[in-house]
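Here's the structure, in structure tokens; my notes come after.
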Amino acid sequence: METSLVLQNVLTPPVLFFFLGLISVAVSSDLEIPAPLPKLFSLYLLLAIGFRGGFELQGGLNNQALFPSIVAAIAMSLAIPIICFIILRLKFDVFNSAAIAAAYGSISAVTFITAESFLKSQGIPFDGWMVAPLALMESPSIIVGLGLVKLCAPKNRPNTRIIKWRRILHESMLNGSVYLLLGSLIIGFLTAAHNPNGLEKIKPFTEGYLFYGVECFFLLDMGIVAAQRLPRLKQAGSFLILFAVLIPILNGCLGVFIAKQLLIGPGNALLFAVLCASASYLAVPTAMRMTVPEAKASYYISTTLGVTFPFNIVFGIPLYMSLVNNVLI
Amino acid sequence: METSLVLQNVLTPPVLFFFLGLISVAVSSDLEIPAPLPKLFSLYLLLAIGFRGGFELQGGLNNQALFPSIVAAIAMSLAIPIICFIILRLKFDVFNSAAIAAAYGSISAVTFITAESFLKSQGIPFDGWMVAPLALMESPSIIVGLGLVKLCAPKNRPNTRIIKWRRILHESMLNGSVYLLLGSLIIGFLTAAHNPNGLEKIKPFTEGYLFYGVECFFLLDMGIVAAQRLPRLKQAGSFLILFAVLIPILNGCLGVFIAKQLLIGPGNALLFAVLCASASYLAVPTAMRMTVPEAKASYYISTTLGVTFPFNIVFGIPLYMSLVNNVLI
Amino acid sequence: METSLVLQNVLTPPVLFFFLGLISVAVSSDLEIPAPLPKLFSLYLLLAIGFRGGFELQGGLNNQALFPSIVAAIAMSLAIPIICFIILRLKFDVFNSAAIAAAYGSISAVTFITAESFLKSQGIPFDGWMVAPLALMESPSIIVGLGLVKLCAPKNRPNTRIIKWRRILHESMLNGSVYLLLGSLIIGFLTAAHNPNGLEKIKPFTEGYLFYGVECFFLLDMGIVAAQRLPRLKQAGSFLILFAVLIPILNGCLGVFIAKQLLIGPGNALLFAVLCASASYLAVPTAMRMTVPEAKASYYISTTLGVTFPFNIVFGIPLYMSLVNNVLI
Amino acid sequence: MKRLDLIISERELDTIISALEKAEVPGYTVLKHATGRGPQTIVSEDMEFTGLGANAHVIVFCEGDILEKVKNHIGSTLSYYGGVAYVSDATEL
Amino acid sequence: MKRLDLIISERELDTIISALEKAEVPGYTVLKHATGRGPQTIVSEDMEFTGLGANAHVIVFCEGDILEKVKNHIGSTLSYYGGVAYVSDATEL
Amino acid sequence: MKRLDLIISERELDTIISALEKAEVPGYTVLKHATGRGPQTIVSEDMEFTGLGANAHVIVFCEGDILEKVKNHIGSTLSYYGGVAYVSDATEL
Ligand SMILES: Nc1ncnc2c1ncn2[C@@H]1O[C@H](COP(=O)(O)O)[C@@H](O)[C@H]1O
Ligand SMILES: Nc1ncnc2c1ncn2[C@@H]1O[C@H](COP(=O)(O)O)[C@@H](O)[C@H]1O
Ligand SMILES: Nc1ncnc2c1ncn2[C@@H]1O[C@H](COP(=O)(O)O)[C@@H](O)[C@H]1O
Ligand code: NA
Ligand code: NA
Ligand code: NA
């Protein structure tokens, strides 16, 4: 990996604001973005990327690489939790292992957005419909995670805690973030197909500088949140911290390798790798909290938000990019 | 009414997001737009349409149709509550009848905005100063509603509950939403008259894609709110539900008929009909809650938000449009 | 001072919205901008002006006037608190005098922004890097204020209340507002230097109409807040009210006089005068509340927000402008 | 010492606060954005944007004799607009 | 009269409210956006955006006999998801 | 069991929480964005944006003997910055 790539990634406004947030906690400034403002940013980003994904999907329907990419993405979101589960079982019980594993099978939309910004500032083209795989990777990993609990949980789990498949489907498909993302994708698709006029009117809202600005703001907040998670990592132990750094690298490599088979070009390949490497802090934690209360929330949240997210934002993206450059070209 | 018009209306992003909100409650997703974000959207929309109305009014001062339209609008907002009151008294006491009647005499700014979006996507021209009638229809209907209570309330209403005219004027003119709308209208007017430079700078904020995007977001929330009102409608009974569907149709027809006399063209005619047909969920409920606590808030809120608003957004607008097309042309 | 300048200033949208807020309290409308929306506006404005200042600074590095302006600004933020302290000691104890004095040595970013809008609507050019002096005037005045307490406080101040220099530096440099402003400035600088591509993408977010719109919204809120402070001014007494009007005039004159020596042109001169004349309601009150709890918050907040801020917004800016015109030309 | 818990609509908050001041309470604390159900109404968060507002929870720590005065001053507001008021014992830490 | 203070996660609020309704409480008040620490978890404001939600503080004023019913209905939720429930005395003002 | 109600400025929240942890309370709940008036200051919502912050209402359910420790740890903060602390009786549901 060329260090210049890392530097070029770090010197984009979103990543710089992420550092500003990190540092504010380190020097104990009282900078704070009070609730529900982060929720506003998060809702907006999900709506915007969903909508954009939808109309790009409409335009990309004829693209040969679309369908294989989606299938590969879903396959990865099914496979990664199982791999992670096996590794995590070395140290953790079924509940914690399954919850953490599900988070790594799923994705982080903001990591994806940051990767897109990186590609843009590098002038590397990519396809907008890569949002479709993103939108379809949340649910499968939740299903696998909860399925693992259902199958592997100790037999003496009390009756009240038996998970029903109905419940699993509900949690995986109707979680607010997943629902908004998929819903906006469908709306974008329908609008592109039937109302080009309406599309023109809403496109600048979902793509223009407002998106970039909100991305910066949200990363500022994520910097604060990530830094606040760090002290709680001590509890988690070094095994988990190592896991949170090595697994994204492993998954990112896997992603690059698969992207090569898909012949989707270097831009899309980076995005695919980032989807594999990133871990969810929206849908999955919520679903796990509801159905697997035995798992410690601080484990699956501190690792994804406190380690994997910053790692990917700062080092992961340029790392996977240089992998893509060396493997694909 | 041509079903194609309904479909064209439904396939605009704002209406699609409204459905997304409705469905999220139906399938019990946990999608939520926490307070005070809806307030932010609502404040922004009021400020923006008020300001836009003000500068369009400045440009339209010479338009012959302006003054008659305003007079007709005020007349409607005085007449509709009386008609509604007479109908509602068949089933409800004076307090509930007056409160519901006042809501239907007033307007819903978001229904108006949605109608404008519909006109734009249909390529039908309309005048920006139609916001002036909108801004002037809130207060009169509140005055009529409270006047009806003052005149018709049973004589044994306790002394503490006697409404003073001063209070009525205060509630009708200085309600936060009315005040912001009228104030922004005046600011827009003054800016257009004295500071064309400042006007150019703020116009994109009040008209551009930000407006359209916030409209989508707000309708997403309104979908959630409307769906949450539905269960409470059972209490209200079928008379009220029927009322909430038929009265907008009646008022919409009246509106189209009057618009024909005003010779204001099909675009403006639709907007006028929508003003008549829509019901208030901002200023009127607040004023009624303060001055007529005997009226059940769930009646006047559930009907306007849970039935009339969705009806107008989805079916009403295309219905009035086809009426306009058949009556005016 | 020509009254026409006042009128031209008053008839800009931001100032009109400020009046709309003031009046809403006067007529007791229930218009309200609930927390944390004002915080959102404030964070956005700080981030945007900081970022803009940063990249303008990058472009203005070769400008001869830059360095002298910064030095003069810091000197003023050190001198003004001492002057104010001496005057205030006539009536107030050390704690209150120091706290109020520090506020007047510091700046109000929104007054600065309003002055920029005024310059733009007058077509008078100014330099974007004037944000750099702004960003560097908050901390020194806090240091002077707390230093004055440390030196002049009665010897019988209990041990727990002894202020440590470390604490003073922390409060003055790492206050959330100062930190965000300085941090965004550095990010803007770095982006301009290393990532022109990223700069183009974020510039419209920090400069475009969104900025102007949020400025209007924030001034609407400031109008409400200022008017709500007024009743508490009675407690403060006429000495303080007079102080809050005369001191900005004095400081503004001083500012114009110094700006003349700096040869920075009329636009920059107005901005410099406004920096001197305005008083802080963000960083300084927070720092004082933490370290000098003996000072009455209602004194330093009511004067800055309730008197000096409105005075500057409405009369001060055109007054300093006409001073600039008469002194500089 | 006594502790008074008042739950009323945010729209009546100013009236209630003035009444408390008239009764000369030593202080009070207000928590807004409360929701709930009473014998008369349901107050939900999703209606806050309309201007109807949510409930406010007002806490007052004061001597028992002040409570009588409070009762006189807020009684009419509570009976007109609804809301509840409960008293418990409390001692300073 | 008794006063019941329940502190639970916002995610379980609907379940708890239904349980209270089943126990036929005369009313309740909910304060959301509470944070805190219990024997099991730390709940902080900065995680609200993820959908995990903060805590809710539920206050119920009711007769003592209703509390037994409440206990039966909410017990399983509390033991499954955590949360605390305390009772004190209260009298109407 | 006892119930402790603390009302302090949000700016001192971290200090107070550390003090509670040092006193080894079993848990606590925090409600931010409280406003109010005390003998010394008025805290209103419209100043929150400046960074002054509003008040926080901290609730602790704990055994009586822990309260003594709490008192020792938070006393100086309360007397320096203001705020109130009251105790009532409570029993687990
Ligand atoms: N028994 C109760 N326990 C707790 N809160 C209550 C109770 N009754 C009413 N409330 C609160 O007081 C508000 C006003 O009630 P109401 O008098 O029905 O309008 C409700 O929205 C609840 O928040
Ligand atoms: N002793 C306590 N005093 C006050 N609040 C508590 C206490 N224990 C728990 N809580 C609250 O109850 C929530 C749930 O606690 P837990 O049962 O640990 O999940 C915590 O987040 C606190 O807000
Ligand atoms: N008697 C009281 N009852 C309820 N809350 C109080 C009381 N006194 C003070 N407070 C609260 O404690 C905060 C700090 O008060 P102070 O000690 O005056 O700074 C106030 O803003 C109120 O929210
Ligand atoms: Na992944
Ligand atoms: Na109407
Ligand atoms: Na100054």
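So you can find residues: chains in the structure tokens are A, B, ... in the order shown, residues in each start at 1, and ligands are numbered from 1 in order.
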Kindly provide the residues of chain C that approach chain A to within 10 Å, each paired with its closest atom pair and their distance in Å to one decimal, based on only C-alpha atoms, listed by chain and increasing number, as a Markdown table.
```
| residue | atom | partner | partner_atom | distance |
| --- | --- | --- | --- | --- |
| C:Ala35 | CA | A:Pro34 | CA | 9.4 |
| C:Pro36 | CA | A:Pro34 | CA | 6.9 |
| C:Leu37 | CA | A:Leu37 | CA | 8.3 |
| C:Lys39 | CA | A:Pro34 | CA | 8.1 |
| C:Leu40 | CA | A:Leu37 | CA | 7.2 |
| C:Leu43 | CA | A:Ile33 | CA | 8.1 |
| C:Tyr44 | CA | A:Phe217 | CA | 8.4 |
| C:Leu47 | CA | A:Phe217 | CA | 8.8 |
| C:Ala48 | CA | A:Gly213 | CA | 9.5 |
| C:Phe51 | CA | A:Pro13 | CA | 9.6 |
| C:His170 | CA | A:Ser29 | CA | 8.0 |
| C:Glu171 | CA | A:Ser29 | CA | 8.5 |
| C:Met173 | CA | A:Ser29 | CA | 8.5 |
| C:Leu174 | CA | A:Ser29 | CA | 4.7 |
| C:Asn175 | CA | A:Ser29 | CA | 5.8 |
| C:Gly176 | CA | A:Leu31 | CA | 3.8 |
| C:Ser177 | CA | A:Leu31 | CA | 7.0 |
| C:Val178 | CA | A:Leu31 | CA | 9.1 |
| C:Tyr179 | CA | A:Ser29 | CA | 7.2 |
| C:Leu180 | CA | A:Leu31 | CA | 7.2 |
| C:Gly183 | CA | A:Leu20 | CA | 6.5 |
| C:Ser184 | CA | A:Phe17 | CA | 7.8 |
| C:Ile186 | CA | A:Leu16 | CA | 9.4 |
| C:Ile187 | CA | A:Leu16 | CA | 6.4 |
| C:Gly188 | CA | A:Pro13 | CA | 7.9 |
| C:Leu190 | CA | A:Leu11 | CA | 7.1 |
| C:Thr191 | CA | A:Leu11 | CA | 6.5 |
| C:Ala192 | CA | A:Leu11 | CA | 9.9 |
| C:Ala193 | CA | A:Leu11 | CA | 9.5 |
| C:His194 | CA | A:Leu11 | CA | 6.9 |
| C:Asn195 | CA | A:Thr12 | CA | 6.7 |
| C:Pro196 | CA | A:Ser121 | CA | 9.1 |
| C:Asn197 | CA | A:Ser121 | CA | 6.0 |
| C:Gly198 | CA | A:Thr12 | CA | 6.1 |
| C:Leu199 | CA | A:Pro13 | CA | 7.9 |
| C:Glu200 | CA | A:Tyr209 | CA | 9.3 |
| C:Lys201 | CA | A:Tyr209 | CA | 6.2 |
| C:Ile202 | CA | A:Tyr209 | CA | 6.2 |
| C:Lys203 | CA | A:Tyr209 | CA | 8.1 |
| C:Pro204 | CA | A:Tyr209 | CA | 6.3 |
| C:Phe205 | CA | A:Tyr209 | CA | 5.6 |
| C:Thr206 | CA | A:Gly213 | CA | 8.0 |
| C:Gly208 | CA | A:Tyr209 | CA | 9.6 |
| C:Leu210 | CA | A:Leu210 | CA | 8.6 |
```
Hey, can you spit out that residue selection with C-alpha atoms as a PDB file, in the first residue's frame?
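Once written, out26.pdb looks like this:
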```pdb
ATOM      1  CA  ALA C  35     -33.976  22.902  21.102  1.00  0.00           C
ATOM      2  CA  PRO C  36     -31.744  21.547  19.654  1.00  0.00           C
ATOM      3  CA  LEU C  37     -32.591  23.241  16.345  1.00  0.00           C
ATOM      4  CA  LYS C  39     -27.801  24.358  18.103  1.00  0.00           C
ATOM      5  CA  LEU C  40     -27.952  22.781  14.653  1.00  0.00           C
ATOM      6  CA  LEU C  43     -22.967  24.328  14.603  1.00  0.00           C
ATOM      7  CA  TYR C  44     -23.557  24.638  10.875  1.00  0.00           C
ATOM      8  CA  LEU C  47     -18.422  24.921  10.617  1.00  0.00           C
ATOM      9  CA  ALA C  48     -19.218  26.825   7.443  1.00  0.00           C
ATOM     10  CA  PHE C  51     -14.109  26.185   6.633  1.00  0.00           C
ATOM     11  CA  HIS C 170      -8.563  24.531  28.485  1.00  0.00           C
ATOM     12  CA  GLU C 171     -11.673  26.687  28.775  1.00  0.00           C
ATOM     13  CA  MET C 173      -9.070  26.940  23.578  1.00  0.00           C
ATOM     14  CA  LEU C 174     -11.241  23.834  23.835  1.00  0.00           C
ATOM     15  CA  ASN C 175     -14.668  25.287  24.304  1.00  0.00           C
ATOM     16  CA  GLY C 176     -16.896  23.495  21.760  1.00  0.00           C
ATOM     17  CA  SER C 177     -17.591  26.591  19.645  1.00  0.00           C
ATOM     18  CA  VAL C 178     -13.972  27.752  19.525  1.00  0.00           C
ATOM     19  CA  TYR C 179     -12.796  24.224  18.805  1.00  0.00           C
ATOM     20  CA  LEU C 180     -15.252  23.729  15.928  1.00  0.00           C
ATOM     21  CA  GLY C 183     -10.880  23.032  13.571  1.00  0.00           C
ATOM     22  CA  SER C 184     -12.988  23.819  10.517  1.00  0.00           C
ATOM     23  CA  ILE C 186      -7.677  24.199   9.687  1.00  0.00           C
ATOM     24  CA  ILE C 187      -9.650  21.673   7.646  1.00  0.00           C
ATOM     25  CA  GLY C 188     -10.531  24.354   5.122  1.00  0.00           C
ATOM     26  CA  LEU C 190      -5.672  21.797   4.443  1.00  0.00           C
ATOM     27  CA  THR C 191      -8.344  21.015   1.879  1.00  0.00           C
ATOM     28  CA  ALA C 192      -7.539  24.133  -0.133  1.00  0.00           C
ATOM     29  CA  ALA C 193      -3.847  23.248  -0.054  1.00  0.00           C
ATOM     30  CA  HIS C 194      -4.057  19.555  -0.895  1.00  0.00           C
ATOM     31  CA  ASN C 195      -7.431  18.695  -2.348  1.00  0.00           C
ATOM     32  CA  PRO C 196      -8.852  21.329  -4.732  1.00  0.00           C
ATOM     33  CA  ASN C 197     -11.310  18.704  -5.940  1.00  0.00           C
ATOM     34  CA  GLY C 198     -12.777  18.199  -2.455  1.00  0.00           C
ATOM     35  CA  LEU C 199     -12.826  21.945  -2.004  1.00  0.00           C
ATOM     36  CA  GLU C 200     -15.064  22.420  -5.039  1.00  0.00           C
ATOM     37  CA  LYS C 201     -17.448  19.816  -3.678  1.00  0.00           C
ATOM     38  CA  ILE C 202     -17.863  21.347  -0.247  1.00  0.00           C
ATOM     39  CA  LYS C 203     -17.712  25.052  -1.125  1.00  0.00           C
ATOM     40  CA  PRO C 204     -21.381  25.352  -2.110  1.00  0.00           C
ATOM     41  CA  PHE C 205     -22.347  23.768   1.211  1.00  0.00           C
ATOM     42  CA  THR C 206     -20.420  26.371   3.189  1.00  0.00           C
ATOM     43  CA  GLY C 208     -24.201  28.900  -1.080  1.00  0.00           C
ATOM     44  CA  LEU C 210     -27.989  27.174   2.367  1.00  0.00           C
TER      45      LEU C 210
END
```
Go through chain A and flag each residue having an atom no more than 8 Å from ligand 4; for those, report the closest pair of atoms plus their distance in Å to one decimal, using only C-alpha atoms and all ligand atoms, ordered by chain and rising number, as a tab-separated table.
```
residue	atom	partner	partner_atom_place_in_ligand_line	distance
A:Met76	CA	ligand 4	1 (Na)	7.9
A:Ser77	CA	ligand 4	1 (Na)	6.6
A:Ile80	CA	ligand 4	1 (Na)	7.2
A:Ala103	CA	ligand 4	1 (Na)	7.3
A:Tyr104	CA	ligand 4	1 (Na)	4.7
A:Gly105	CA	ligand 4	1 (Na)	4.3
A:Ser106	CA	ligand 4	1 (Na)	4.4
A:Ile107	CA	ligand 4	1 (Na)	4.6
A:Ser108	CA	ligand 4	1 (Na)	7.5
A:Met137	CA	ligand 4	1 (Na)	7.9
A:Pro248	CA	ligand 4	1 (Na)	7.6
A:Asn251	CA	ligand 4	1 (Na)	7.3
A:Val274	CA	ligand 4	1 (Na)	7.4
A:Leu275	CA	ligand 4	1 (Na)	5.1
A:Cys276	CA	ligand 4	1 (Na)	3.8
A:Ala277	CA	ligand 4	1 (Na)	4.7
A:Ser278	CA	ligand 4	1 (Na)	4.3
A:Ala279	CA	ligand 4	1 (Na)	4.8
A:Ser280	CA	ligand 4	1 (Na)	7.2
```
- prompt: chain B residues within 6 Å of chain D, counting only C-alpha atoms: which ones, as a PyMOL selection string?
  reply: chain B and resi 38-39+282+286
With all heavy atoms kept, could you save the residues just selected as a compact mmCIF listing (two decimals), in the first residue's frame?
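Output saved as again35.txt:
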```
# COMPACT_ATOMS: atom_id res chain seq x y z
N PRO B 38 -39.68 16.81 12.79
CA PRO B 38 -40.84 17.25 12.00
C PRO B 38 -41.13 18.74 12.17
O PRO B 38 -41.55 19.41 11.23
CB PRO B 38 -41.99 16.39 12.56
CG PRO B 38 -41.33 15.18 13.11
CD PRO B 38 -40.02 15.68 13.66
N LYS B 39 -40.87 19.25 13.36
CA LYS B 39 -41.06 20.69 13.60
C LYS B 39 -40.10 21.50 12.71
O LYS B 39 -40.49 22.54 12.17
CB LYS B 39 -40.79 20.99 15.07
CG LYS B 39 -41.00 22.42 15.49
CD LYS B 39 -42.44 22.68 15.84
CE LYS B 39 -42.71 24.11 16.20
NZ LYS B 39 -44.10 24.30 16.61
N LEU B 282 -52.51 22.35 11.90
CA LEU B 282 -51.51 23.13 12.65
C LEU B 282 -52.19 24.18 13.53
O LEU B 282 -52.32 24.01 14.74
CB LEU B 282 -50.53 23.82 11.70
CG LEU B 282 -49.48 22.95 11.02
CD1 LEU B 282 -48.59 23.80 10.13
CD2 LEU B 282 -48.62 22.22 12.04
N THR B 286 -54.48 23.74 17.59
CA THR B 286 -53.85 24.42 18.71
C THR B 286 -54.80 25.43 19.32
O THR B 286 -54.97 25.48 20.55
CB THR B 286 -52.57 25.13 18.23
OG1 THR B 286 -51.84 24.24 17.41
CG2 THR B 286 -51.72 25.56 19.39
```
task: From a DSSP calculation on the backbone, collect every residue of chain E in strand (DSSP E) and output the set as a PyMOL selection string.
output: chain E and resi 2-9+28-37+42-43+55-62+84-89+91-92
- request: Determine which residues of chain D sit within 10 Å of chain F, taking into account only C-alpha atoms, and present them as a VMD selection string.
  value: chain D and resid 1 to 3 17 21 25 to 33 57 to 61 88 to 93
May I have the selected residues written with N, CA and C atoms, as a CSV table (one decimal), in the first residue's frame?
```csv
chain,number,residue,atom,x,y,z
D,1,MET,N,-39.8,18.5,54.5
D,1,MET,CA,-40.0,19.0,53.1
D,1,MET,C,-41.0,18.1,52.3
D,2,LYS,N,-41.6,18.6,51.3
D,2,LYS,CA,-42.5,17.9,50.4
D,2,LYS,C,-42.0,18.0,49.0
D,3,ARG,N,-42.4,17.0,48.2
D,3,ARG,CA,-42.1,17.0,46.8
D,3,ARG,C,-43.4,17.0,46.0
D,17,ILE,N,-46.3,28.0,35.9
D,17,ILE,CA,-45.1,28.6,36.5
D,17,ILE,C,-45.5,29.9,37.2
D,21,GLU,N,-44.9,30.7,41.1
D,21,GLU,CA,-44.2,31.9,41.6
D,21,GLU,C,-45.0,32.7,42.6
D,25,VAL,N,-42.9,29.5,45.7
D,25,VAL,CA,-42.1,28.2,45.9
D,25,VAL,C,-40.6,28.6,45.8
D,26,PRO,N,-39.7,27.9,46.5
D,26,PRO,CA,-38.3,28.3,46.5
D,26,PRO,C,-37.6,28.0,45.2
D,27,GLY,N,-38.2,27.1,44.3
D,27,GLY,CA,-37.6,26.8,43.0
D,27,GLY,C,-38.5,25.7,42.4
D,28,TYR,N,-38.2,25.4,41.2
D,28,TYR,CA,-38.9,24.3,40.5
D,28,TYR,C,-38.1,23.8,39.3
D,29,THR,N,-38.4,22.6,38.9
D,29,THR,CA,-37.7,22.0,37.7
D,29,THR,C,-38.7,21.6,36.7
D,30,VAL,N,-38.4,21.8,35.4
D,30,VAL,CA,-39.4,21.4,34.4
D,30,VAL,C,-38.8,20.4,33.4
D,31,LEU,N,-39.4,19.3,33.2
D,31,LEU,CA,-39.0,18.4,32.1
D,31,LEU,C,-40.1,18.4,31.0
D,32,LYS,N,-39.7,18.9,29.9
D,32,LYS,CA,-40.7,19.0,28.8
D,32,LYS,C,-40.7,17.7,28.0
D,33,HIS,N,-41.5,17.7,26.9
D,33,HIS,CA,-41.5,16.5,26.0
D,33,HIS,C,-42.0,15.2,26.6
D,57,HIS,N,-43.5,17.9,32.9
D,57,HIS,CA,-43.4,17.3,34.2
D,57,HIS,C,-42.7,18.4,35.1
D,58,VAL,N,-43.4,18.9,36.1
D,58,VAL,CA,-42.9,20.0,36.9
D,58,VAL,C,-42.7,19.4,38.3
D,59,ILE,N,-41.5,19.6,38.8
D,59,ILE,CA,-41.1,19.1,40.2
D,59,ILE,C,-40.8,20.3,41.1
D,60,VAL,N,-41.4,20.3,42.2
D,60,VAL,CA,-41.2,21.3,43.2
D,60,VAL,C,-40.8,20.7,44.6
D,61,PHE,N,-39.7,21.1,45.1
D,61,PHE,CA,-39.4,20.7,46.5
D,61,PHE,C,-39.7,21.9,47.4
D,88,SER,N,-45.4,13.9,47.7
D,88,SER,CA,-44.8,12.9,48.5
D,88,SER,C,-43.8,13.6,49.5
D,89,ASP,N,-43.3,12.8,50.5
D,89,ASP,CA,-42.4,13.3,51.4
D,89,ASP,C,-41.0,13.3,50.8
D,90,ALA,N,-40.2,14.2,51.3
D,90,ALA,CA,-38.8,14.3,50.8
D,90,ALA,C,-37.9,14.9,51.9
D,91,THR,N,-36.7,14.6,52.0
D,91,THR,CA,-35.8,15.3,52.9
D,91,THR,C,-34.5,15.7,52.2
D,92,GLU,N,-34.0,16.8,52.6
D,92,GLU,CA,-32.8,17.2,51.9
D,92,GLU,C,-31.6,16.2,52.2
D,93,LEU,N,-30.8,16.0,51.2
D,93,LEU,CA,-29.7,15.0,51.4
D,93,LEU,C,-28.7,15.6,52.4
```
message: Show me, as a list in words, the residues that have an atom within 9 Å of Val292 (chain C) when counting only C-alpha atoms, minus same-chain residues fewer than 3 positions from it.
response: Phe95, Asn96, Ala99, Leu146, Val149, Arg161, Ile163, Ala287, Met288, Arg289 and Ala295 of chain C
- request: Can you list, as number ranges by chain, all residues belonging to region 14-262 of chain A that DSSP tags as alpha helix (DSSP H)?
  value: A: 14-26, 37-60, 66-88, 94-105, 109-122, 131-136, 138-152, 165-174, 176-194, 196-207, 209-236, 238-262
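Using only C-alpha atoms and all ligand atoms, the smallest distance between any of D:Leu78, D:Ile16, D:Ile66, D:Ala23 and ligand 1 comes from D:Leu78.
Those residues that approach Val327 (chain A) to within 8 Å, counting only C-alpha atoms, are Val256, Phe257, Lys260, Leu323 and Val324 of chain A; same-chain residues fewer than 3 positions away are not listed.
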Mind writing the picked residues with N, CA, C and O atoms as a PDB file, in the first residue's frame?
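This is the output file out.pdb:
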```
ATOM      1  N   VAL A 256     -12.060  -8.091  -2.732  1.00  0.00           N
ATOM      2  CA  VAL A 256     -11.287  -7.737  -3.931  1.00  0.00           C
ATOM      3  C   VAL A 256     -11.171  -8.947  -4.851  1.00  0.00           C
ATOM      4  O   VAL A 256     -11.338  -8.846  -6.070  1.00  0.00           O
ATOM      5  N   PHE A 257     -10.905 -10.092  -4.243  1.00  0.00           N
ATOM      6  CA  PHE A 257     -10.741 -11.327  -5.013  1.00  0.00           C
ATOM      7  C   PHE A 257     -12.017 -11.647  -5.790  1.00  0.00           C
ATOM      8  O   PHE A 257     -11.996 -11.924  -6.996  1.00  0.00           O
ATOM      9  N   LYS A 260     -12.784  -9.344  -8.608  1.00  0.00           N
ATOM     10  CA  LYS A 260     -12.002  -9.629  -9.810  1.00  0.00           C
ATOM     11  C   LYS A 260     -12.752 -10.611 -10.716  1.00  0.00           C
ATOM     12  O   LYS A 260     -12.793 -10.440 -11.931  1.00  0.00           O
ATOM     13  N   LEU A 323      -4.891  -2.818  -3.075  1.00  0.00           N
ATOM     14  CA  LEU A 323      -5.099  -4.230  -3.404  1.00  0.00           C
ATOM     15  C   LEU A 323      -5.768  -4.356  -4.766  1.00  0.00           C
ATOM     16  O   LEU A 323      -5.348  -5.144  -5.615  1.00  0.00           O
ATOM     17  N   VAL A 324      -6.857  -3.571  -4.938  1.00  0.00           N
ATOM     18  CA  VAL A 324      -7.570  -3.602  -6.214  1.00  0.00           C
ATOM     19  C   VAL A 324      -6.599  -3.289  -7.348  1.00  0.00           C
ATOM     20  O   VAL A 324      -6.561  -3.992  -8.363  1.00  0.00           O
TER      21      VAL A 324
END
```
